[in-house]
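**Student:** Quick one, upload-v1.csv (CSV, C-alpha atoms and all ligand atoms):
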```csv
chain,number,residue,atom,x,y,z
W,119,MET,CA,162.4,109.3,134.6
W,120,ASN,CA,159.0,109.0,136.1
W,121,LYS,CA,156.2,107.9,133.8
W,122,TYR,CA,154.1,110.9,134.8
W,123,HIS,CA,153.5,113.6,137.4
W,124,LEU,CA,150.6,115.8,138.4
W,125,LYS,CA,150.8,119.6,138.1
W,126,CYS,CA,148.5,121.9,140.0
W,127,THR,CA,146.5,124.0,137.6
W,128,GLN,CA,146.4,126.9,140.2
W,129,CYS,CA,149.9,127.2,141.6
W,130,GLY,CA,152.0,125.0,139.3
W,131,GLU,CA,153.2,122.7,142.2
W,132,VAL,CA,154.4,119.3,141.0
W,133,ILE,CA,152.9,116.3,142.8
W,134,PRO,CA,155.1,113.3,141.9
W,135,ASP,CA,152.4,110.6,141.7
W,136,PHE,CA,148.9,109.4,142.7
W,137,ALA,CA,150.3,107.8,145.9
W,138,THR,CA,151.2,111.3,147.0
W,139,TRP,CA,148.0,112.8,145.6
W,140,PHE,CA,145.9,110.3,147.6
W,141,SER,CA,148.0,110.9,150.8
W,142,GLN,CA,147.3,114.6,150.6
W,143,ASN,CA,143.5,114.1,150.3
W,144,GLN,CA,143.5,114.5,146.5
W,145,GLN,CA,144.5,118.1,146.5
W,146,CYS,CA,147.5,120.4,146.1
W,147,LYS,CA,149.1,122.0,149.1
W,148,CYS,CA,147.4,125.2,147.9
W,149,GLY,CA,144.0,123.6,148.3
W,150,CYS,CA,143.3,123.2,144.6
W,151,LYS,CA,141.7,119.9,143.5
W,152,ARG,CA,142.4,120.4,139.8
W,153,ALA,CA,145.7,119.0,138.5
W,154,ASP,CA,146.9,118.1,135.0
W,155,VAL,CA,148.7,114.8,134.6
W,156,VAL,CA,151.8,115.3,132.5
W,157,TYR,CA,153.4,112.3,130.8
W,158,SER,CA,157.1,111.6,130.0
W,159,ALA,CA,156.2,109.5,126.9
W,160,ASP,CA,156.7,111.0,123.5
W,161,TYR,CA,153.4,111.9,121.9
W,162,HIS,CA,154.7,110.7,118.5
W,163,LYS,CA,153.8,107.3,119.9
W,164,ILE,CA,150.2,108.2,119.4
W,165,THR,CA,150.7,108.2,115.6
W,166,GLU,CA,151.5,104.5,115.8
W,167,LEU,CA,148.8,103.7,118.4
W,168,THR,CA,146.1,105.3,116.4
W,169,LYS,CA,146.8,103.4,113.1
W,170,PRO,CA,143.5,102.0,111.9
W,171,GLU,CA,144.7,98.4,112.0
W,172,HIS,CA,144.8,98.4,115.8
W,173,LYS,CA,141.7,96.7,117.3
W,174,PRO,CA,142.1,97.5,121.0
W,175,ALA,CA,140.2,95.6,123.7
W,176,ASN,CA,140.0,98.6,126.0
W,177,PHE,CA,141.4,102.1,126.5
W,178,TYR,CA,144.6,100.8,128.2
W,179,HIS,CA,145.8,100.5,124.6
W,180,TYR,CA,147.0,104.0,125.5
W,181,PHE,CA,148.8,102.8,128.6
W,182,ASP,CA,151.8,105.1,128.1
W,183,PHE,CA,149.4,108.0,128.4
W,184,LEU,CA,147.6,106.8,131.5
W,185,PRO,CA,148.9,107.1,135.1
W,186,VAL,CA,148.8,103.3,135.9
W,187,MET,CA,152.4,102.0,136.5
W,188,ASP,CA,151.9,98.3,136.3
W,189,LYS,CA,149.6,96.5,133.9
W,190,LYS,CA,148.9,93.8,136.4
W,191,ASN,CA,146.8,96.4,138.4
W,192,ILE,CA,144.4,97.1,135.5
W,193,VAL,CA,140.7,96.5,136.3
W,194,SER,CA,138.8,96.3,133.0
W,195,PHE,CA,135.5,95.0,131.6
W,196,GLY,CA,136.3,96.0,128.0
W,197,GLU,CA,135.6,99.8,128.0
W,198,GLY,CA,136.8,102.8,126.1
W,199,ALA,CA,137.6,101.4,122.7
W,200,ILE,CA,134.0,101.5,121.6
W,201,PRO,CA,132.8,101.8,118.0
W,202,ILE,CA,132.1,105.0,116.2
W,203,GLU,CA,129.2,104.5,113.8
W,204,GLU,CA,128.2,106.6,110.8
W,205,TRP,CA,124.5,107.4,111.0
W,206,ASP,CA,123.6,108.2,107.5
W,207,PHE,CA,119.9,108.9,108.1
W,208,LEU,CA,121.0,112.1,110.0
W,209,GLU,CA,123.3,113.0,107.1
W,210,LYS,CA,120.4,112.6,104.7
W,211,TYR,CA,118.2,114.7,106.9
W,212,ALA,CA,120.7,117.5,107.1
W,213,ARG,CA,121.1,117.4,103.3
W,214,GLU,CA,117.4,117.3,102.4
W,215,LYS,CA,116.1,119.7,105.0
W,216,TYR,CA,119.0,122.2,105.2
W,217,GLY,CA,121.2,121.6,102.2
W,218,VAL,CA,124.1,120.8,104.5
W,219,ASN,CA,126.4,118.0,103.5
W,220,CYS,CA,128.0,116.7,106.7
W,221,LYS,CA,129.2,113.4,108.1
W,222,VAL,CA,127.6,112.3,111.3
W,223,MET,CA,129.5,109.9,113.6
W,224,VAL,CA,128.2,108.5,116.8
W,225,TYR,CA,130.5,107.4,119.7
W,226,ARG,CA,128.5,104.6,121.3
W,227,ASN,CA,129.2,104.7,125.0
W,228,ASP,CA,126.3,102.3,125.6
W,229,LEU,CA,128.6,99.6,124.3
W,230,ASN,CA,131.1,100.0,127.2
W,231,GLY,CA,131.5,96.7,129.1
W,232,GLY,CA,131.1,97.9,132.7
W,233,SER,CA,127.7,99.5,133.0
W,234,ASN,CA,127.1,100.6,129.4
W,235,THR,CA,127.9,104.3,130.1
W,236,PHE,CA,130.6,106.9,129.5
W,237,LYS,CA,131.3,106.6,133.3
W,238,ASP,CA,132.9,103.2,132.8
W,239,ILE,CA,136.3,104.4,131.7
W,240,ALA,CA,136.6,106.7,134.7
W,241,ALA,CA,135.5,103.9,137.1
W,242,SER,CA,138.0,101.5,135.5
W,243,LEU,CA,140.9,103.9,135.8
W,244,ALA,CA,139.9,104.8,139.4
W,245,ALA,CA,139.8,101.1,140.4
W,246,SER,CA,143.1,100.4,138.8
W,247,LEU,CA,144.8,103.4,140.5
W,248,PHE,CA,143.3,102.6,143.9
W,249,LYS,CA,144.4,99.0,143.6
W,250,GLU,CA,147.9,100.0,142.6
W,251,ASN,CA,148.2,102.6,145.4
W,252,GLY,CA,146.7,100.6,148.2
W,253,VAL,CA,143.5,102.7,148.5
W,254,LYS,CA,141.0,100.3,150.3
W,255,GLU,CA,137.9,102.4,150.6
W,256,PHE,CA,136.1,105.2,148.7
W,257,CYS,CA,132.9,107.1,149.0
W,258,VAL,CA,130.6,109.4,146.9
W,259,ALA,CA,127.3,111.2,146.9
W,260,SER,CA,125.6,110.4,143.6
W,261,THR,CA,122.2,110.3,141.9
W,262,GLY,CA,123.1,107.2,139.9
W,263,ASN,CA,125.3,106.5,136.9
W,264,THR,CA,128.7,107.3,138.4
W,265,ALA,CA,127.9,105.3,141.5
W,266,THR,CA,126.7,102.2,139.5
W,267,ALA,CA,129.9,102.1,137.4
W,268,TYR,CA,132.2,102.7,140.3
W,269,ALA,CA,130.4,100.1,142.4
W,270,ARG,CA,131.1,97.4,139.8
W,271,TYR,CA,134.7,98.3,139.1
W,272,LEU,CA,135.7,98.9,142.8
W,273,ALA,CA,134.1,95.6,143.8
W,274,GLU,CA,136.2,93.8,141.2
W,275,ALA,CA,139.3,95.5,142.7
W,276,GLY,CA,138.3,94.5,146.3
W,277,ILE,CA,137.7,98.1,147.3
W,278,LYS,CA,134.9,99.0,149.7
W,279,PHE,CA,132.6,101.7,148.3
W,280,THR,CA,129.9,103.6,150.1
W,281,VAL,CA,127.3,105.6,148.1
W,282,PHE,CA,125.1,108.3,149.6
W,283,MET,CA,121.9,109.0,147.6
W,284,PRO,CA,119.0,111.4,148.0
W,285,HIS,CA,115.6,110.2,149.3
W,286,ASP,CA,114.2,109.9,145.7
W,287,ALA,CA,117.0,107.6,144.5
W,288,CYS,CA,116.0,105.3,141.7
W,289,GLU,CA,115.3,101.8,143.2
W,290,ASP,CA,116.9,100.0,140.2
W,291,THR,CA,120.1,101.9,140.8
W,292,VAL,CA,120.2,101.1,144.5
W,293,LYS,CA,119.6,97.5,143.8
W,294,ALA,CA,122.4,97.4,141.1
W,295,ILE,CA,124.9,99.0,143.5
W,296,ARG,CA,124.0,96.5,146.3
W,297,SER,CA,124.2,93.6,143.9
W,298,TYR,CA,128.0,94.3,143.6
W,299,GLY,CA,128.2,94.0,147.4
W,300,GLN,CA,128.7,97.7,147.9
W,301,THR,CA,126.9,99.9,150.5
W,302,VAL,CA,124.1,102.4,149.7
W,303,ILE,CA,122.9,104.9,152.2
W,304,VAL,CA,119.7,106.6,151.1
W,305,CYS,CA,119.5,109.9,152.9
W,306,ASN,CA,116.3,111.4,154.2
W,307,GLY,CA,116.7,114.5,152.1
W,308,THR,CA,117.9,116.0,148.8
W,309,TYR,CA,121.1,115.5,146.8
W,310,GLY,CA,122.5,118.4,148.8
W,311,ASP,CA,121.9,116.4,152.0
W,312,ALA,CA,123.4,113.3,150.5
W,313,LYS,CA,126.5,115.4,149.7
W,314,LYS,CA,126.8,116.6,153.2
W,315,ALA,CA,126.4,113.1,154.6
W,316,ALA,CA,129.1,111.8,152.3
W,317,ASN,CA,131.4,114.6,153.3
W,318,ASP,CA,130.8,113.9,157.0
W,319,PHE,CA,131.6,110.2,156.4
W,320,HIS,CA,134.8,111.2,154.5
W,321,GLU,CA,136.0,113.4,157.3
W,322,GLN,CA,135.1,111.2,160.2
W,323,ASN,CA,136.5,107.9,158.7
W,324,GLN,CA,139.4,109.3,156.6
W,325,VAL,CA,137.9,107.7,153.5
W,326,LEU,CA,138.7,109.2,150.2
W,327,ILE,CA,135.8,110.9,148.5
W,328,SER,CA,135.1,111.6,144.9
W,329,THR,CA,136.3,115.1,144.0
W,330,GLY,CA,133.8,115.4,141.1
W,331,ASN,CA,134.1,116.5,137.5
W,332,ILE,CA,137.6,117.9,137.8
W,333,ASP,CA,139.0,114.7,139.3
W,334,PRO,CA,142.2,114.1,137.3
W,335,ILE,CA,141.4,110.3,137.2
W,336,ARG,CA,138.1,111.0,135.4
W,337,VAL,CA,139.7,113.5,133.1
W,338,GLU,CA,142.6,111.2,132.2
W,339,ALA,CA,140.3,108.3,131.5
W,340,LYS,CA,137.9,110.3,129.3
W,341,LYS,CA,140.6,112.2,127.4
W,342,THR,CA,141.4,108.9,125.7
W,343,MET,CA,138.4,109.6,123.5
W,344,VAL,CA,140.6,112.0,121.6
W,345,PHE,CA,142.9,109.2,120.7
W,346,GLU,CA,140.0,107.0,119.7
W,347,TYR,CA,138.7,109.7,117.3
W,348,LEU,CA,142.1,109.8,115.7
W,349,ARG,CA,142.2,106.0,115.4
W,350,GLN,CA,138.6,105.6,114.0
W,351,LEU,CA,138.1,108.8,112.1
W,352,GLY,CA,141.7,109.4,111.1
W,353,LYS,CA,141.3,113.1,112.3
W,354,MET,CA,139.6,115.1,114.9
W,355,PRO,CA,135.9,115.8,114.2
W,356,ASP,CA,135.0,119.4,113.3
W,357,VAL,CA,132.1,119.5,115.7
W,358,TYR,CA,131.8,117.7,119.0
W,359,MET,CA,128.4,117.3,120.7
W,360,GLN,CA,127.3,115.9,124.0
W,361,ALA,CA,124.7,116.3,126.7
W,362,VAL,CA,126.2,118.2,129.6
W,363,ALA,CA,125.5,118.1,133.3
W,364,GLY,CA,128.7,118.3,135.3
W,365,GLY,CA,131.2,118.9,132.5
W,366,THR,CA,133.9,116.2,132.7
W,367,GLY,CA,133.5,115.4,129.0
W,368,PRO,CA,134.4,118.9,127.7
W,369,ILE,CA,137.1,119.3,130.3
W,370,ALA,CA,138.6,115.9,129.2
W,371,LEU,CA,138.4,116.7,125.5
W,372,ASP,CA,140.2,119.9,126.1
W,373,LYS,CA,142.9,118.1,128.1
W,374,GLY,CA,143.4,115.5,125.4
W,375,ILE,CA,143.8,118.1,122.7
W,376,ARG,CA,146.1,120.3,124.7
W,377,ASP,CA,148.3,117.2,125.3
W,378,LEU,CA,148.5,116.4,121.6
W,379,GLN,CA,149.2,120.0,120.7
W,380,THR,CA,152.4,119.9,122.8
W,381,THR,CA,153.8,117.7,119.9
W,382,PHE,CA,151.3,118.3,117.1
W,383,PRO,CA,150.4,122.0,117.4
W,384,GLU,CA,148.2,121.8,114.3
W,385,THR,CA,145.7,119.5,116.2
W,386,LYS,CA,142.3,121.1,115.9
W,387,MET,CA,139.9,121.7,118.8
W,388,PRO,CA,136.5,120.7,117.5
W,389,ARG,CA,133.7,123.2,118.0
W,390,MET,CA,131.9,122.1,121.1
W,391,LEU,CA,128.1,122.1,121.0
W,392,LEU,CA,126.9,121.1,124.5
W,393,VAL,CA,123.2,120.3,125.0
W,394,GLN,CA,120.9,120.6,128.1
W,395,GLN,CA,117.2,119.8,128.4
W,396,ASP,CA,114.9,122.8,129.0
W,397,THR,CA,114.0,121.4,132.5
W,398,CYS,CA,117.6,121.8,133.8
W,399,ASP,CA,119.5,124.2,131.6
W,400,PRO,CA,121.6,126.5,133.9
W,401,MET,CA,124.6,126.4,131.6
W,402,VAL,CA,122.5,127.3,128.5
W,403,GLN,CA,120.9,130.2,130.4
W,404,GLY,CA,124.3,131.4,131.7
W,405,TRP,CA,125.7,131.3,128.1
W,406,GLU,CA,122.7,133.1,126.6
W,407,ASN,CA,123.2,135.9,129.1
W,408,ALA,CA,126.9,136.1,128.2
W,409,VAL,CA,126.1,136.3,124.5
W,410,LYS,CA,123.6,139.1,125.1
W,411,ALA,CA,126.1,141.0,127.2
W,412,GLY,CA,128.9,140.5,124.7
W,413,PHE,CA,131.0,138.2,127.0
W,414,PRO,CA,132.1,140.9,129.6
W,415,GLU,CA,135.0,140.2,131.9
W,416,GLY,CA,134.1,137.5,134.4
W,417,TYR,CA,131.1,136.3,132.3
W,418,GLU,CA,131.8,132.7,133.2
W,419,LYS,CA,131.1,133.4,136.9
W,420,ASN,CA,127.6,134.5,136.1
W,421,TYR,CA,125.1,131.6,135.9
W,422,PRO,CA,121.8,130.7,137.4
W,423,VAL,CA,121.2,127.9,139.9
W,424,ILE,CA,118.1,125.8,139.5
W,425,PRO,CA,117.4,124.6,143.0
W,426,ASN,CA,115.1,121.7,142.4
W,427,PRO,CA,115.1,120.7,138.7
W,428,GLN,CA,111.9,119.1,137.5
W,429,THR,CA,113.4,116.5,135.2
W,430,LYS,CA,113.1,112.8,134.7
W,431,ILE,CA,116.6,112.5,133.4
W,432,SER,CA,118.3,111.6,136.7
W,433,ILE,CA,121.9,111.9,135.2
W,434,LEU,CA,121.3,115.4,134.0
W,435,THR,CA,120.2,117.1,137.2
W,436,ALA,CA,123.1,119.4,137.9
W,437,GLY,CA,121.0,122.5,138.8
W,438,ASN,CA,124.0,124.1,140.3
W,439,PRO,CA,126.6,123.9,137.5
W,440,GLY,CA,129.8,124.4,139.6
W,441,MET,CA,132.0,123.6,136.6
W,442,TYR,CA,130.5,126.3,134.3
W,443,PRO,CA,133.4,128.7,135.0
W,444,ILE,CA,135.8,126.1,133.6
W,445,VAL,CA,133.5,124.7,130.9
W,446,ALA,CA,132.3,128.0,129.4
W,447,PRO,CA,135.7,129.3,128.5
W,448,ILE,CA,136.6,126.0,126.9
W,449,VAL,CA,133.4,126.1,124.8
W,450,ARG,CA,134.2,129.7,123.8
W,451,LYS,CA,137.8,128.9,122.9
W,452,SER,CA,136.5,126.1,120.6
W,453,GLY,CA,134.1,128.5,118.8
W,454,GLY,CA,131.1,126.4,120.1
W,455,THR,CA,127.9,127.1,122.0
W,456,PHE,CA,125.3,125.7,124.3
W,457,LEU,CA,122.0,124.3,122.9
W,458,ARG,CA,118.6,123.6,124.5
W,459,MET,CA,116.3,120.7,123.7
W,460,LYS,CA,112.8,120.2,125.0
W,461,GLU,CA,112.4,117.3,127.5
W,462,SER,CA,108.8,116.9,126.3
W,463,GLU,CA,110.2,115.7,122.9
W,464,LEU,CA,112.5,113.1,124.4
W,465,ALA,CA,110.3,110.1,123.5
W,466,LYS,CA,109.9,111.4,120.0
W,467,TYR,CA,113.7,111.4,119.4
W,468,GLY,CA,114.1,108.1,121.3
W,469,ARG,CA,111.7,106.6,118.9
W,470,ILE,CA,113.6,107.9,115.8
W,471,VAL,CA,116.8,106.1,117.1
W,472,LYS,CA,114.8,103.0,117.8
W,473,ASP,CA,113.2,103.0,114.3
W,474,GLU,CA,116.4,103.9,112.4
W,475,ARG,CA,118.9,101.9,114.3
W,476,GLY,CA,116.9,99.2,116.2
W,477,ILE,CA,118.3,100.3,119.6
W,478,TYR,CA,117.2,102.0,122.7
W,479,PHE,CA,119.4,104.9,123.9
W,480,GLY,CA,119.3,106.2,127.4
W,481,PRO,CA,117.6,109.6,127.9
W,482,ALA,CA,120.9,111.6,128.3
W,483,SER,CA,122.0,110.1,124.9
W,484,ILE,CA,118.8,111.3,123.4
W,485,VAL,CA,119.4,114.8,124.7
W,486,CYS,CA,122.6,114.8,122.7
W,487,PHE,CA,120.9,113.3,119.7
W,488,ALA,CA,118.1,115.9,119.8
W,489,GLY,CA,120.7,118.5,120.0
W,490,PHE,CA,121.9,117.6,116.5
W,491,TYR,CA,118.5,118.6,115.1
W,492,LYS,CA,118.7,121.8,117.1
W,493,ALA,CA,122.2,122.6,115.9
W,494,LEU,CA,121.0,122.3,112.3
W,495,GLU,CA,118.0,124.5,113.0
W,496,GLU,CA,120.3,127.2,114.5
W,497,GLY,CA,122.8,127.0,111.6
W,498,GLN,CA,125.6,125.6,113.8
W,499,ILE,CA,126.6,122.8,111.4
W,500,HIS,CA,128.3,123.7,108.1
W,501,ASP,CA,128.9,122.1,104.7
W,502,GLY,CA,131.7,119.6,104.6
W,503,GLU,CA,132.0,119.1,108.4
W,504,THR,CA,132.3,115.9,110.4
W,505,VAL,CA,130.1,116.0,113.5
W,506,LEU,CA,130.7,113.6,116.4
W,507,LEU,CA,127.9,112.8,118.8
W,508,ASN,CA,129.3,111.5,122.1
W,509,THR,CA,126.3,109.6,123.4
W,510,GLY,CA,126.6,108.8,127.1
W,511,GLU,CA,124.5,105.7,128.0
W,512,GLY,CA,122.2,102.9,127.1
W,513,ALA,CA,118.7,102.4,128.4
W,514,ASP,CA,119.3,99.4,130.7
W,515,ARG,CA,118.5,101.3,133.9
W,516,ALA,CA,115.9,103.6,132.4
W,517,THR,CA,113.0,101.2,131.9
W,518,TRP,CA,110.6,104.1,132.3
W,519,PHE,CA,112.2,105.7,129.2
W,520,LYS,CA,112.1,102.5,127.1
W,521,LYS,CA,108.4,102.3,127.9
W,522,MET,CA,107.9,105.9,126.7
W,523,VAL,CA,109.7,105.2,123.5
W,524,ASP,CA,107.6,102.1,122.9
W,525,GLU,CA,104.4,104.0,123.4
W,526,GLU,CA,105.5,106.8,121.0
W,527,SER,CA,104.2,106.2,117.5
W,528,SER,CA,106.7,106.1,114.6
W,529,LEU,CA,107.0,109.2,112.5
Y,601,ZN,ZN,148.5,124.3,143.9
```
Take the structure in the file and write it out as structure tokens.
**Tutor:**
Amino acid sequence: MNKYHLKCTQCGEVIPDFATWFSQNQQCKCGCKRADVVYSADYHKITELTKPEHKPANFYHYFDFLPVMDKKNIVSFGEGAIPIEEWDFLEKYAREKYGVNCKVMVYRNDLNGGSNTFKDIAASLAASLFKENGVKEFCVASTGNTATAYARYLAEAGIKFTVFMPHDACEDTVKAIRSYGQTVIVCNGTYGDAKKAANDFHEQNQVLISTGNIDPIRVEAKKTMVFEYLRQLGKMPDVYMQAVAGGTGPIALDKGIRDLQTTFPETKMPRMLLVQQDTCDPMVQGWENAVKAGFPEGYEKNYPVIPNPQTKISILTAGNPGMYPIVAPIVRKSGGTFLRMKESELAKYGRIVKDERGIYFGPASIVCFAGFYKALEEGQIHDGETVLLNTGEGADRATWFKKMVDEESSL
């Protein structure tokens, strides 16, 4: 029996493995680029793997539920089995200000070994799968974090990587990618132009290109967070929060839960509270319109596009949220909602984290953190609940933000 297969989410076609998936340009014969990976392993194994005595070095602890065939192909810098911390100052705040007794847990993606971001697990799994299946070259259009993580992991696997970036690409990011011996092409135009250049390169040179947020590699890597929640919390959280741009996080959480439900139907989907900053909040706007209209048929296809978002948070600049039609129904199914925080308050919240925990979070992590305050204000967190904040990145490549936090006075 094969370890796994892919199944097209549109037509149900079975694609036997990633070698085939790569050979048909990462899509089903019907043209759909979204496929679920289905494993032969028994999910009862998860009960053993998530016992608290395990201290995994990385997310390949869940090897039976990842599409790598041979452990010798694993490319890892120690990612994915990151600590979940209890932040009691937030619990105290909720109790004193709102009378809500809740547990607040923080999933620290800044502690990932590759590039200190949530992108590291996806980059690690991509590098391992490319190595295993003889993929020699890859390309992407990116504004930053994804490209930096992939640059490091693909270099480690000996895979050539070309990144197309918009004209206003962050100089630190360009340098970081080049430091791994990978190629950056800074286009004379916007992110849209970079995407077009990457696509031309992909077609002319037959080089595989990133398929974005629905890429089954990204989803399979990130879904392992569900197993980590079980291992570290002993249960699923009641509420799941993250800052959202593309939407791989919620898609992956949903996939991980659906997989578990095949064997453990009682597995609970946490209420998803997804946060965007007010300078680039198309999903929040789309959701608010849907709420007002009472979720009419096809509501998920109705969302605004913000052509040129004026935000400093380069990771959260998805002005055209192409994944909203997939993400919104997932949020709705979970009983969750979308929340908006003010970018003008970013430094204030960054300062709270620094004062309370002695660390700098990256700006996207702070969007999630600020979302917790907003969720309390809107009555979205209830007595007795465990809230998990999935914080995406550290502040290493956001020196501008560290400076802002330092200049902000303590409360
Ligand atoms: Zn298909």
**Student:** Which chains and residue numbers are within 12 Å of ligand ZN 601 (chain Y), counting all atoms listed in the file, if I want them as a ChimeraX atom specification?
**Tutor:** /W:124-133,139,142,144-154
**Student:** Please indicate the distance in Å from atom CA of W:Ala212 to atom CA of W:Arg450, rounded to one decimal place.
**Tutor:**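 It comes out at 24.7 Å.
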**Student:** I need the residue nearest W:Leu247 from this list: W:Gly510, W:Pro447, W:Pro185, W:Gly364. Use only C-alpha atoms for the distance.
**Tutor:**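 For W:Leu247, the nearest of the candidates is W:Pro185.
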**Student:** Using only C-alpha atoms, collect all residues at a distance of at most 8 Å from (114.3, 115.2, 125.4) as written in the file, then present them as a PyMOL selection string.
**Tutor:** chain W and resi 395+459-467+481+484-485+488
**Student:** Please, what distance in Å, to one decimal, runs between atom CA of W:Ala240 and atom CA of W:Pro400?
**Tutor:**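 We find that atom CA of W:Ala240 and atom CA of W:Pro400 lie 24.9 Å from each other.
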**Student:** When distances are computed from all atoms listed in the file, which of W:Asp188, W:Asn227, W:Met401, W:Asn251 shows the smallest separation from W:Thr138?
**Tutor:**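 Going through W:Asp188, W:Asn227, W:Met401, W:Asn251 one by one, the smallest distance to W:Thr138 is for W:Asn251.
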**Student:** Just give me the gap between atom CA of W:Val344 and atom CA of W:Leu371 in Å, one decimal is fine.
**Tutor:**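 Interatomic distance, atom CA of W:Val344 to atom CA of W:Leu371: 6.5 Å.
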**Student:** Pick the closest to W:Ala315 from W:Pro284, W:Lys521, W:Lys492, W:Arg349: which is it, counting all atoms listed in the file?
**Tutor:**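 Smallest separation from W:Ala315 among the options: W:Pro284.
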**Student:** Around all of stretch 169-185 of chain W's listed atoms, make the axis-aligned box with 3 Å on each side and tell me centre and edge lengths in Å to one decimal, as AutoDock Vina command-line options.
**Tutor:**
```
--center_x 145.9 --center_y 101.8 --center_z 123.5 --size_x 17.8 --size_y 18.4 --size_z 29.2
```
**Student:** When you look at W:Phe177 with a cut-off of 8 Å (counting only C-alpha atoms), what residues show up, excluding the ones that are within fewer than 2 positions of it in the same chain? I need them as a short mmCIF file (atom, residue, chain, number, x, y, z; two decimals) with C-alpha atoms, in the frame of the given file.
**Tutor:**
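Generated file (part.cif):
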```
data_model
loop_
_atom_site.label_atom_id
_atom_site.label_comp_id
_atom_site.auth_asym_id
_atom_site.auth_seq_id
_atom_site.Cartn_x
_atom_site.Cartn_y
_atom_site.Cartn_z
CA PRO W 174 142.10 97.50 121.00
CA ALA W 175 140.20 95.60 123.70
CA HIS W 179 145.80 100.50 124.60
CA TYR W 180 147.00 104.00 125.50
CA PHE W 181 148.80 102.80 128.60
CA GLU W 197 135.60 99.80 128.00
CA GLY W 198 136.80 102.80 126.10
CA ALA W 199 137.60 101.40 122.70
CA ILE W 239 136.30 104.40 131.70
CA THR W 342 141.40 108.90 125.70
#
```
**Student:** Tell me, counting only C-alpha atoms, for each residue of stretch 455-494 of chain W within 12 Å of stretch 229-236 of chain W, which pair of atoms is nearest and how far apart they are in Å to one decimal, in rows ordered by chain and increasing number, as CSV.
**Tutor:**
```
residue,atom,partner,partner_atom,distance
W:Ile477,CA,W:Leu229,CA,11.3
W:Tyr478,CA,W:Leu229,CA,11.8
W:Phe479,CA,W:Asn234,CA,10.4
W:Gly480,CA,W:Thr235,CA,9.2
W:Pro481,CA,W:Thr235,CA,11.8
W:Ala482,CA,W:Thr235,CA,10.3
W:Ser483,CA,W:Thr235,CA,9.8
```
**Student:** Excluding W:Val304 and its own-chain neighbours fewer than 4 positions away, which residues fall within 9 Å of it when counting only C-alpha atoms? Please give them as a ChimeraX atom specification.
**Tutor:** /W:281-287,292,312
**Student:** Give me the residues near W:Ala273 as a list in words, where near means some atom within 9 Å (using all atoms listed in the file) and where sequence neighbours in that chain fewer than 6 positions away do not count.
**Tutor:** Ala245, Phe279, Tyr298, Gly299 and Gln300 of chain W
**Student:** Rank nothing, just name the residue among W:Ile448, W:Leu243, W:Leu494, W:Val222 nearest to W:Leu507, using all atoms listed in the file.
**Tutor:**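 Result for the nearest residue to W:Leu507: W:Val222.
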